[in-house]
$ cat upload02.pdb   # PDB, C-alpha atoms, pLDDT in the B column
ATOM      1  CA  MET A 195     133.627  51.380  98.495  1.00 45.00           C
ATOM      2  CA  LYS A 196     132.169  51.669 102.003  1.00 48.00           C
ATOM      3  CA  HIS A 197     134.410  54.654 102.742  1.00 51.00           C
ATOM      4  CA  TYR A 198     133.272  56.673  99.726  1.00 48.00           C
ATOM      5  CA  PRO A 199     130.416  58.467 101.560  1.00 51.00           C
ATOM      6  CA  PHE A 200     132.862  59.672 104.210  1.00 53.00           C
ATOM      7  CA  ILE A 201     135.422  60.782 101.621  1.00 51.00           C
ATOM      8  CA  LEU A 202     132.750  62.680  99.706  1.00 47.00           C
ATOM      9  CA  PHE A 203     131.567  64.274 102.940  1.00 49.00           C
ATOM     10  CA  TYR A 204     135.144  65.395 103.717  1.00 52.00           C
ATOM     11  CA  LEU A 205     135.532  66.943 100.268  1.00 49.00           C
ATOM     12  CA  PHE A 206     132.153  68.638 100.561  1.00 52.00           C
ATOM     13  CA  CYS A 207     133.122  70.220 103.901  1.00 55.00           C
ATOM     14  CA  ASN A 208     136.364  71.547 102.459  1.00 54.00           C
ATOM     15  CA  LEU A 209     134.540  73.050  99.496  1.00 49.00           C
ATOM     16  CA  PHE A 210     131.878  74.491 101.815  1.00 50.00           C
ATOM     17  CA  ILE A 211     134.502  76.125 104.052  1.00 49.00           C
ATOM     18  CA  TRP A 212     136.396  77.545 101.058  1.00 50.00           C
ATOM     19  CA  SER A 213     133.181  78.946  99.548  1.00 53.00           C
ATOM     20  CA  PHE A 214     132.317  80.840 102.747  1.00 51.00           C
ATOM     21  CA  LYS A 215     135.882  82.037 103.308  1.00 54.00           C
ATOM     22  CA  GLY A 216     136.493  80.207 106.569  1.00 54.00           C
ATOM     23  CA  SER A 217     133.678  81.621 108.701  1.00 59.00           C
ATOM     24  CA  PHE A 218     133.794  80.429 112.349  1.00 54.00           C
ATOM     25  CA  TRP A 219     130.216  79.168 112.150  1.00 52.00           C
ATOM     26  CA  VAL A 220     130.980  77.255 108.974  1.00 50.00           C
ATOM     27  CA  TYR A 221     133.937  75.602 110.700  1.00 53.00           C
ATOM     28  CA  LEU A 222     131.738  74.770 113.685  1.00 51.00           C
ATOM     29  CA  PHE A 223     128.994  73.346 111.468  1.00 52.00           C
ATOM     30  CA  CYS A 224     131.475  71.135 109.610  1.00 52.00           C
ATOM     31  CA  LEU A 225     133.050  69.972 112.865  1.00 48.00           C
ATOM     32  CA  MET A 226     129.695  68.973 114.352  1.00 56.00           C
ATOM     33  CA  ALA A 227     128.652  67.306 111.112  1.00 50.00           C
ATOM     34  CA  PHE A 228     131.927  65.395 110.989  1.00 46.00           C
ATOM     35  CA  ILE A 229     131.457  64.201 114.574  1.00 50.00           C
ATOM     36  CA  GLY A 230     127.972  63.041 113.618  1.00 52.00           C
ATOM     37  CA  VAL A 231     129.257  61.102 110.625  1.00 47.00           C
ATOM     38  CA  VAL A 232     132.004  59.418 112.694  1.00 49.00           C
ATOM     39  CA  ALA A 233     129.433  58.471 115.343  1.00 50.00           C
ATOM     40  CA  TRP A 234     127.251  57.022 112.596  1.00 48.00           C
ATOM     41  CA  GLY A 235     130.194  54.948 111.407  1.00 48.00           C
ATOM     42  CA  SER A 236     130.911  53.786 114.974  1.00 54.00           C
ATOM     43  CA  PHE A 237     127.393  52.600 115.778  1.00 52.00           C
ATOM     44  CA  ASN A 238     126.346  51.194 112.406  1.00 73.00           C
ATOM     45  CA  ILE A 239     128.311  47.983 111.950  1.00 88.00           C
ATOM     46  CA  GLN A 240     126.870  47.466 108.473  1.00 80.00           C
ATOM     47  CA  LEU A 241     128.854  50.437 107.160  1.00 84.00           C
ATOM     48  CA  GLY A 242     132.132  48.668 107.870  1.00 78.00           C
ATOM     49  CA  TYR A 243     133.821  52.026 108.408  1.00 80.00           C
ATOM     50  CA  PHE A 244     136.341  50.938 111.065  1.00 89.00           C
ATOM     51  CA  ILE A 245     136.108  47.147 110.649  1.00 92.00           C
ATOM     52  CA  ASN A 246     135.078  45.093 107.643  1.00 93.00           C
ATOM     53  CA  SER A 247     132.429  42.983 109.358  1.00 96.00           C
ATOM     54  CA  ILE A 248     130.479  40.130 107.812  1.00 97.00           C
ATOM     55  CA  THR A 249     126.850  41.252 107.907  1.00 97.00           C
ATOM     56  CA  HIS A 250     125.181  38.893 105.411  1.00 97.00           C
ATOM     57  CA  LYS A 251     125.736  36.097 102.941  1.00 98.00           C
ATOM     58  CA  ARG A 252     125.751  36.901  99.241  1.00 96.00           C
ATOM     59  CA  THR A 253     123.158  34.487  97.925  1.00 97.00           C
ATOM     60  CA  ARG A 254     119.784  34.282  96.243  1.00 96.00           C
ATOM     61  CA  LYS A 255     118.959  31.107  98.094  1.00 97.00           C
ATOM     62  CA  LYS A 256     116.319  31.371 100.807  1.00 98.00           C
ATOM     63  CA  GLU A 257     118.546  30.896 103.823  1.00 98.00           C
ATOM     64  CA  VAL A 258     119.330  32.899 106.949  1.00 98.00           C
ATOM     65  CA  ALA A 259     121.636  32.704 109.955  1.00 98.00           C
ATOM     66  CA  LEU A 260     120.277  32.761 113.486  1.00 98.00           C
ATOM     67  CA  THR A 261     122.685  34.399 115.936  1.00 98.00           C
ATOM     68  CA  PHE A 262     122.272  34.860 119.670  1.00 98.00           C
ATOM     69  CA  ASP A 263     124.207  37.305 121.847  1.00 98.00           C
ATOM     70  CA  ASP A 264     124.869  37.737 125.576  1.00 98.00           C
ATOM     71  CA  GLY A 265     124.499  34.139 126.767  1.00 98.00           C
ATOM     72  CA  PRO A 266     124.621  31.618 128.085  1.00 98.00           C
ATOM     73  CA  THR A 267     121.807  32.398 130.522  1.00 98.00           C
ATOM     74  CA  GLU A 268     119.108  30.577 132.423  1.00 98.00           C
ATOM     75  CA  PHE A 269     116.952  30.867 129.278  1.00 98.00           C
ATOM     76  CA  THR A 270     119.473  29.373 126.862  1.00 98.00           C
ATOM     77  CA  PRO A 271     118.360  25.736 127.443  1.00 98.00           C
ATOM     78  CA  LEU A 272     114.877  26.689 126.184  1.00 98.00           C
ATOM     79  CA  PHE A 273     116.417  28.032 122.991  1.00 98.00           C
ATOM     80  CA  LEU A 274     118.521  24.895 122.604  1.00 98.00           C
ATOM     81  CA  ASP A 275     115.466  22.669 123.055  1.00 98.00           C
ATOM     82  CA  LEU A 276     113.618  24.604 120.358  1.00 98.00           C
ATOM     83  CA  LEU A 277     116.525  24.558 117.910  1.00 98.00           C
ATOM     84  CA  LYS A 278     116.996  20.847 118.509  1.00 98.00           C
ATOM     85  CA  LYS A 279     113.312  20.196 117.844  1.00 98.00           C
ATOM     86  CA  HIS A 280     113.579  21.941 114.461  1.00 98.00           C
ATOM     87  CA  GLN A 281     117.031  20.461 113.741  1.00 98.00           C
ATOM     88  CA  ILE A 282     118.600  23.893 113.278  1.00 98.00           C
ATOM     89  CA  LYS A 283     122.127  25.014 114.093  1.00 98.00           C
ATOM     90  CA  ALA A 284     122.792  28.580 115.237  1.00 98.00           C
ATOM     91  CA  THR A 285     125.704  30.781 116.243  1.00 98.00           C
ATOM     92  CA  PHE A 286     126.038  31.872 119.876  1.00 98.00           C
ATOM     93  CA  PHE A 287     128.214  34.885 120.710  1.00 98.00           C
ATOM     94  CA  CYS A 288     128.983  34.269 124.359  1.00 98.00           C
ATOM     95  CA  ILE A 289     130.122  36.597 127.123  1.00 98.00           C
ATOM     96  CA  GLY A 290     133.050  35.261 129.147  1.00 98.00           C
ATOM     97  CA  LYS A 291     131.557  35.915 132.567  1.00 98.00           C
ATOM     98  CA  GLN A 292     128.310  34.245 131.476  1.00 98.00           C
ATOM     99  CA  ILE A 293     130.205  31.133 130.438  1.00 98.00           C
ATOM    100  CA  GLU A 294     131.737  31.058 133.912  1.00 98.00           C
ATOM    101  CA  GLN A 295     128.262  31.273 135.427  1.00 98.00           C
ATOM    102  CA  TYR A 296     126.667  28.643 133.161  1.00 98.00           C
ATOM    103  CA  PRO A 297     129.484  26.285 132.083  1.00 98.00           C
ATOM    104  CA  GLU A 298     127.227  23.251 131.620  1.00 98.00           C
ATOM    105  CA  THR A 299     124.886  25.171 129.326  1.00 98.00           C
ATOM    106  CA  PHE A 300     127.886  26.445 127.388  1.00 98.00           C
ATOM    107  CA  ARG A 301     129.147  22.906 126.868  1.00 98.00           C
ATOM    108  CA  ARG A 302     125.686  21.839 125.776  1.00 98.00           C
ATOM    109  CA  ILE A 303     125.698  24.517 123.065  1.00 98.00           C
ATOM    110  CA  ILE A 304     128.894  22.985 121.691  1.00 98.00           C
ATOM    111  CA  GLU A 305     127.791  19.373 122.112  1.00 98.00           C
ATOM    112  CA  GLU A 306     124.629  20.017 120.101  1.00 98.00           C
ATOM    113  CA  GLY A 307     126.628  21.305 117.156  1.00 98.00           C
ATOM    114  CA  HIS A 308     126.132  25.046 117.404  1.00 98.00           C
ATOM    115  CA  VAL A 309     128.886  27.545 116.652  1.00 98.00           C
ATOM    116  CA  ILE A 310     130.555  29.705 119.311  1.00 98.00           C
ATOM    117  CA  GLY A 311     131.720  33.292 118.953  1.00 98.00           C
ATOM    118  CA  ASN A 312     133.551  35.650 121.320  1.00 98.00           C
ATOM    119  CA  HIS A 313     131.476  38.546 122.702  1.00 98.00           C
ATOM    120  CA  THR A 314     134.073  39.881 125.208  1.00 98.00           C
ATOM    121  CA  TYR A 315     134.340  39.010 128.870  1.00 98.00           C
ATOM    122  CA  SER A 316     132.229  41.725 130.480  1.00 98.00           C
ATOM    123  CA  HIS A 317     130.198  43.262 127.625  1.00 97.00           C
ATOM    124  CA  SER A 318     130.867  46.630 129.254  1.00 95.00           C
ATOM    125  CA  THR A 319     128.718  49.601 128.266  1.00 93.00           C
ATOM    126  CA  SER A 320     131.948  51.609 128.131  1.00 93.00           C
ATOM    127  CA  ILE A 321     133.619  49.327 125.587  1.00 93.00           C
ATOM    128  CA  GLY A 322     133.574  52.159 123.056  1.00 90.00           C
ATOM    129  CA  PHE A 323     135.917  54.159 125.309  1.00 92.00           C
ATOM    130  CA  ALA A 324     138.298  51.291 126.067  1.00 96.00           C
ATOM    131  CA  SER A 325     141.911  51.269 124.900  1.00 97.00           C
ATOM    132  CA  THR A 326     143.190  48.735 122.397  1.00 98.00           C
ATOM    133  CA  ARG A 327     144.908  46.876 125.228  1.00 98.00           C
ATOM    134  CA  GLN A 328     141.716  46.712 127.279  1.00 98.00           C
ATOM    135  CA  VAL A 329     139.675  45.358 124.362  1.00 98.00           C
ATOM    136  CA  MET A 330     142.362  42.773 123.640  1.00 98.00           C
ATOM    137  CA  GLU A 331     142.295  41.673 127.280  1.00 98.00           C
ATOM    138  CA  GLU A 332     138.499  41.276 127.105  1.00 98.00           C
ATOM    139  CA  ILE A 333     138.795  39.141 123.980  1.00 98.00           C
ATOM    140  CA  LYS A 334     141.736  37.036 125.174  1.00 98.00           C
ATOM    141  CA  LYS A 335     140.192  36.386 128.583  1.00 98.00           C
ATOM    142  CA  THR A 336     137.060  35.075 126.911  1.00 98.00           C
ATOM    143  CA  ASP A 337     139.147  32.976 124.510  1.00 98.00           C
ATOM    144  CA  ASP A 338     140.824  31.358 127.521  1.00 98.00           C
ATOM    145  CA  ILE A 339     137.468  30.586 129.121  1.00 98.00           C
ATOM    146  CA  ILE A 340     136.083  29.167 125.870  1.00 98.00           C
ATOM    147  CA  LEU A 341     139.107  26.884 125.597  1.00 98.00           C
ATOM    148  CA  LYS A 342     138.945  25.851 129.258  1.00 98.00           C
ATOM    149  CA  GLU A 343     135.221  25.124 129.401  1.00 98.00           C
ATOM    150  CA  GLY A 344     134.579  23.970 125.836  1.00 98.00           C
ATOM    151  CA  ASN A 345     137.967  22.728 124.642  1.00 98.00           C
ATOM    152  CA  ILE A 346     137.549  24.757 121.441  1.00 98.00           C
ATOM    153  CA  SER A 347     138.794  28.009 119.936  1.00 98.00           C
ATOM    154  CA  THR A 348     136.951  30.514 117.780  1.00 98.00           C
ATOM    155  CA  SER A 349     137.931  33.144 115.246  1.00 98.00           C
ATOM    156  CA  LEU A 350     134.487  34.768 115.407  1.00 98.00           C
ATOM    157  CA  TYR A 351     133.995  38.022 117.289  1.00 98.00           C
ATOM    158  CA  ARG A 352     130.958  40.238 117.635  1.00 98.00           C
ATOM    159  CA  PRO A 353     131.503  43.746 119.031  1.00 97.00           C
ATOM    160  CA  PRO A 354     129.190  44.487 121.977  1.00 96.00           C
ATOM    161  CA  PHE A 355     126.350  46.759 120.838  1.00 94.00           C
ATOM    162  CA  GLY A 356     127.889  46.619 117.360  1.00 93.00           C
ATOM    163  CA  VAL A 357     130.200  49.474 118.345  1.00 93.00           C
ATOM    164  CA  THR A 358     133.446  49.816 116.392  1.00 94.00           C
ATOM    165  CA  ASN A 359     136.266  52.352 116.450  1.00 93.00           C
ATOM    166  CA  PRO A 360     140.029  52.432 115.735  1.00 92.00           C
ATOM    167  CA  ASN A 361     140.931  50.853 119.107  1.00 95.00           C
ATOM    168  CA  ILE A 362     138.479  48.006 118.647  1.00 96.00           C
ATOM    169  CA  ALA A 363     139.637  47.534 115.064  1.00 96.00           C
ATOM    170  CA  ARG A 364     143.263  47.198 116.191  1.00 97.00           C
ATOM    171  CA  ALA A 365     142.274  44.754 118.939  1.00 98.00           C
ATOM    172  CA  VAL A 366     140.318  42.587 116.497  1.00 98.00           C
ATOM    173  CA  LYS A 367     143.243  42.524 114.088  1.00 97.00           C
ATOM    174  CA  SER A 368     145.775  41.772 116.836  1.00 98.00           C
ATOM    175  CA  THR A 369     143.722  38.854 118.161  1.00 98.00           C
ATOM    176  CA  ARG A 370     143.177  37.575 114.603  1.00 97.00           C
ATOM    177  CA  LYS A 371     139.413  37.621 114.861  1.00 98.00           C
ATOM    178  CA  LYS A 372     136.776  38.089 112.192  1.00 98.00           C
ATOM    179  CA  SER A 373     134.115  40.624 113.088  1.00 98.00           C
ATOM    180  CA  ILE A 374     130.557  39.393 112.609  1.00 98.00           C
ATOM    181  CA  GLY A 375     127.692  41.835 112.356  1.00 97.00           C
ATOM    182  CA  TRP A 376     124.118  41.491 111.135  1.00 97.00           C
ATOM    183  CA  ASN A 377     121.634  42.999 108.708  1.00 97.00           C
ATOM    184  CA  ILE A 378     118.436  42.025 110.525  1.00 98.00           C
ATOM    185  CA  ARG A 379     118.292  43.467 114.025  1.00 97.00           C
ATOM    186  CA  SER A 380     115.375  42.212 116.112  1.00 98.00           C
ATOM    187  CA  LEU A 381     115.736  44.886 118.818  1.00 97.00           C
ATOM    188  CA  ASP A 382     114.519  42.218 121.240  1.00 98.00           C
ATOM    189  CA  THR A 383     116.327  43.917 124.128  1.00 97.00           C
ATOM    190  CA  ILE A 384     114.467  47.172 123.497  1.00 97.00           C
ATOM    191  CA  ILE A 385     111.004  46.247 122.215  1.00 98.00           C
ATOM    192  CA  ASN A 386     108.729  44.575 124.775  1.00 97.00           C
ATOM    193  CA  ASP A 387     105.931  43.506 122.448  1.00 98.00           C
ATOM    194  CA  GLU A 388     106.654  40.034 121.039  1.00 98.00           C
ATOM    195  CA  LYS A 389     104.441  40.620 118.000  1.00 98.00           C
ATOM    196  CA  LYS A 390     106.327  43.802 117.115  1.00 98.00           C
ATOM    197  CA  ILE A 391     109.664  42.016 117.356  1.00 98.00           C
ATOM    198  CA  TYR A 392     108.383  39.191 115.164  1.00 98.00           C
ATOM    199  CA  LYS A 393     106.980  41.583 112.549  1.00 98.00           C
ATOM    200  CA  ARG A 394     110.238  43.533 112.518  1.00 98.00           C
ATOM    201  CA  VAL A 395     112.260  40.405 111.805  1.00 98.00           C
ATOM    202  CA  ILE A 396     109.852  39.142 109.144  1.00 98.00           C
ATOM    203  CA  LYS A 397     109.827  42.523 107.431  1.00 97.00           C
ATOM    204  CA  GLY A 398     113.616  42.574 107.269  1.00 97.00           C
ATOM    205  CA  LEU A 399     113.960  38.960 106.177  1.00 97.00           C
ATOM    206  CA  LYS A 400     115.984  38.438 103.001  1.00 95.00           C
ATOM    207  CA  PRO A 401     118.120  35.666 101.463  1.00 98.00           C
ATOM    208  CA  GLY A 402     121.490  35.451 103.197  1.00 98.00           C
ATOM    209  CA  GLY A 403     120.386  37.556 106.150  1.00 98.00           C
ATOM    210  CA  ILE A 404     122.070  37.378 109.553  1.00 98.00           C
ATOM    211  CA  ILE A 405     119.507  37.836 112.317  1.00 98.00           C
ATOM    212  CA  LEU A 406     120.512  39.275 115.688  1.00 98.00           C
ATOM    213  CA  PHE A 407     118.709  37.847 118.722  1.00 98.00           C
ATOM    214  CA  HIS A 408     119.588  37.552 122.428  1.00 98.00           C
ATOM    215  CA  ASP A 409     119.039  34.320 124.360  1.00 98.00           C
ATOM    216  CA  ILE A 410     118.205  36.183 127.552  1.00 98.00           C
ATOM    217  CA  SER A 411     114.398  36.142 127.861  1.00 98.00           C
ATOM    218  CA  ASN A 412     111.182  34.201 127.403  1.00 98.00           C
ATOM    219  CA  LYS A 413     110.067  37.021 125.128  1.00 98.00           C
ATOM    220  CA  THR A 414     112.690  36.248 122.513  1.00 98.00           C
ATOM    221  CA  TYR A 415     112.111  32.514 122.947  1.00 98.00           C
ATOM    222  CA  HIS A 416     108.472  32.969 121.933  1.00 98.00           C
ATOM    223  CA  VAL A 417     109.475  35.111 118.949  1.00 98.00           C
ATOM    224  CA  LEU A 418     111.953  32.448 117.863  1.00 98.00           C
ATOM    225  CA  ALA A 419     109.280  29.747 118.111  1.00 98.00           C
ATOM    226  CA  ASP A 420     107.016  31.680 115.741  1.00 98.00           C
ATOM    227  CA  LEU A 421     109.907  32.556 113.421  1.00 98.00           C
ATOM    228  CA  LEU A 422     111.018  28.945 113.039  1.00 98.00           C
ATOM    229  CA  LEU A 423     107.505  27.975 111.984  1.00 98.00           C
ATOM    230  CA  PHE A 424     107.491  30.832 109.479  1.00 98.00           C
ATOM    231  CA  LEU A 425     110.856  29.795 108.036  1.00 98.00           C
ATOM    232  CA  GLU A 426     109.573  26.256 107.681  1.00 97.00           C
ATOM    233  CA  ARG A 427     106.438  27.381 105.859  1.00 98.00           C
ATOM    234  CA  GLU A 428     108.415  29.658 103.538  1.00 97.00           C
ATOM    235  CA  LYS A 429     110.992  26.943 102.758  1.00 97.00           C
ATOM    236  CA  TYR A 430     113.905  28.831 104.322  1.00 98.00           C
ATOM    237  CA  THR A 431     117.008  26.945 105.414  1.00 98.00           C
ATOM    238  CA  THR A 432     119.657  28.165 107.849  1.00 98.00           C
ATOM    239  CA  PHE A 433     123.441  28.482 107.933  1.00 98.00           C
ATOM    240  CA  THR A 434     126.008  29.281 110.615  1.00 98.00           C
ATOM    241  CA  VAL A 435     128.306  32.261 110.185  1.00 98.00           C
ATOM    242  CA  ASP A 436     131.520  30.218 110.416  1.00 98.00           C
ATOM    243  CA  THR A 437     130.730  28.936 106.917  1.00 97.00           C
ATOM    244  CA  LEU A 438     131.324  32.473 105.608  1.00 97.00           C
ATOM    245  CA  ILE A 439     134.929  32.572 106.815  1.00 92.00           C
ATOM    246  CA  LYS A 440     137.475  31.686 104.161  1.00 72.00           C
ATOM    247  CA  PRO A 441     140.051  29.222 105.457  1.00 63.00           C
ATOM    248  CA  LYS A 442     143.520  30.700 105.795  1.00 53.00           C
ATOM    249  CA  GLN A 443     146.088  29.414 103.345  1.00 40.00           C
ATOM    250  CA  ASN A 444     149.261  27.833 104.692  1.00 40.00           C
ATOM    251  CA  ASP A 445     152.393  29.904 104.183  1.00 34.00           C
TER     252      ASP A 445
END

$ encode --input "upload02.pdb" --output "structure tokens"
Amino acid sequence: MKHYPFILFYLFCNLFIWSFKGSFWVYLFCLMAFIGVVAWGSFNIQLGYFINSITHKRTRKKEVALTFDDGPTEFTPLFLDLLKKHQIKATFFCIGKQIEQYPETFRRIIEEGHVIGNHTYSHSTSIGFASTRQVMEEIKKTDDIILKEGNISTSLYRPPFGVTNPNIARAVKSTRKKSIGWNIRSLDTIINDEKKIYKRVIKGLKPGGIILFHDISNKTYHVLADLLLFLEREKYTTFTVDTLIKPKQND
């Protein structure tokens, strides 16, 4: 179903080209439009164009998932203190090199009952141009660190920046991961105003939503503090994204 818009677009371009008898400018227009559509599919994880990612929970119950990317960092203990105070479990998508830098904080995340996901080793800005082998190496290296420092394994993977493409899709399949996206993006790494971030999250709030935060700043910590009070007032509960993964059947 998610691929239908792209299929329809392909058919439309073919009809358009045929109608104008193969004009060079028509070909060029269709090529540029196609590139735009592919880019849209690559950067919008909710479309599931290259990877079928989990982006929300199908429910009418007032519950959401809190997810944090790019840690652990020097700020992560503040987030853990806050979550512990409100007795809430979250999902942390950790970067391998950050785990190496803050191993004790990483172990604390696990000890306090939160869920761990793989967010690659380096979180490179060029991940979208990496080969399948390179993406697999990023994932496997982080898996090794997670096992070494936390004595656990994880099937959860979140693509850095939410970028997907055929190479990343093959790497995810080869490493037997489940891609986890979101449907409520806080933009806390882009927006500086805490009130704007908070309002953005509240506006997008819906039953079964998966909220994307980053445990990398005091700014987001303050937003989270206000959000947890809001969720409490509105009678929202929380879930962790591992509960959305169907257990594999034994052969």

$ resolve_selection --input "upload02.pdb" --expression "the PyMOL selection byres ((chain A and resi 330-340) around 9)" --output "NGL selection string"
:A and (288-291 or 293-294 or 300 or 310 or 312-317 or 325-329 or 341-348 or 351 or 362 or 364-366 or 368-369)

$ atom_distance --input "upload02.pdb" --atom1 "CA of Asp264 (chain A)" --atom2 "CA of Asp409 (chain A)"
6.9 Å

$ closest_residue --input "upload02.pdb" --among "A:Leu350, A:Leu272, A:Ala284, A:Ala363" --to "Val258 (chain A)" --atoms "all atoms listed in the file"
A:Ala284

$ closest_residue --input "upload02.pdb" --among "A:Lys283, A:Arg379, A:Lys389, A:Lys400" --to "Glu305 (chain A)" --atoms "only C-alpha atoms"
A:Lys283

$ atom_distance --input "upload02.pdb" --atom1 "CA of Thr285 (chain A)" --atom2 "CA of Gly356 (chain A)"
16.0 Å

$ residues_around --input "upload02.pdb" --residues "His408 (chain A)" --least-positions-apart "4" --cutoff "10 Å" --atoms "all atoms listed in the file" --output "list in words"
Thr261, Phe262, Asp263, Asp264, Gly265, Pro266, Thr267, Phe269, Thr270, Phe286, Phe287, Ser380, Leu381, Asp382, Thr383, Lys413, Thr414 and Tyr415 of chain A

$ closest_residue --input "upload02.pdb" --among "A:Ile410, A:Ala324, A:Val435, A:Leu425" --to "Lys256 (chain A)" --atoms "all atoms listed in the file"
A:Leu425

$ atom_distance --input "upload02.pdb" --atom1 "CA of Lys372 (chain A)" --atom2 "CA of Leu399 (chain A)"
23.6 Å

$ closest_residue --input "upload02.pdb" --among "A:Thr358, A:Gly402, A:Lys429, A:Tyr392" --to "Arg254 (chain A)" --atoms "only C-alpha atoms"
A:Gly402

$ resolve_selection --input "upload02.pdb" --expression "the PyMOL selection byres ((chain A and resi 433) around 12)" --output "VMD selection string"
chain A and resid 250 to 251 253 255 to 261 281 to 285 308 to 309 401 to 405 430 to 432 434 to 438

$ axis_aligned_box --input "upload02.pdb" --around "region 405-416 of chain A" --padding-each-side "5 Å" --output "JSON"
{"center_x": 114.5, "center_y": 35.9, "center_z": 120.1, "size_x": 22.0, "size_y": 16.8, "size_z": 25.5}

$ residues_around --input "upload02.pdb" --residues "Ile374 (chain A)" --least-positions-apart "3" --cutoff "6 Å" --atoms "all atoms listed in the file" --output "compact mmCIF listing (two decimals) with C-alpha atoms, in the coordinates of the input"
# COMPACT_ATOMS: atom_id res chain seq x y z
CA SER A 247 132.43 42.98 109.36
CA ILE A 248 130.48 40.13 107.81
CA TYR A 351 134.00 38.02 117.29
CA ARG A 352 130.96 40.24 117.64

$ closest_residue --input "upload02.pdb" --among "A:Lys371, A:Lys278, A:Leu422, A:Ile384" --to "Ile396 (chain A)" --atoms "all atoms listed in the file"
A:Leu422

$ closest_residue --input "upload02.pdb" --among "A:Ile239, A:Ile385, A:Leu276, A:Ile439" --to "Asp420 (chain A)" --atoms "all atoms listed in the file"
A:Leu276
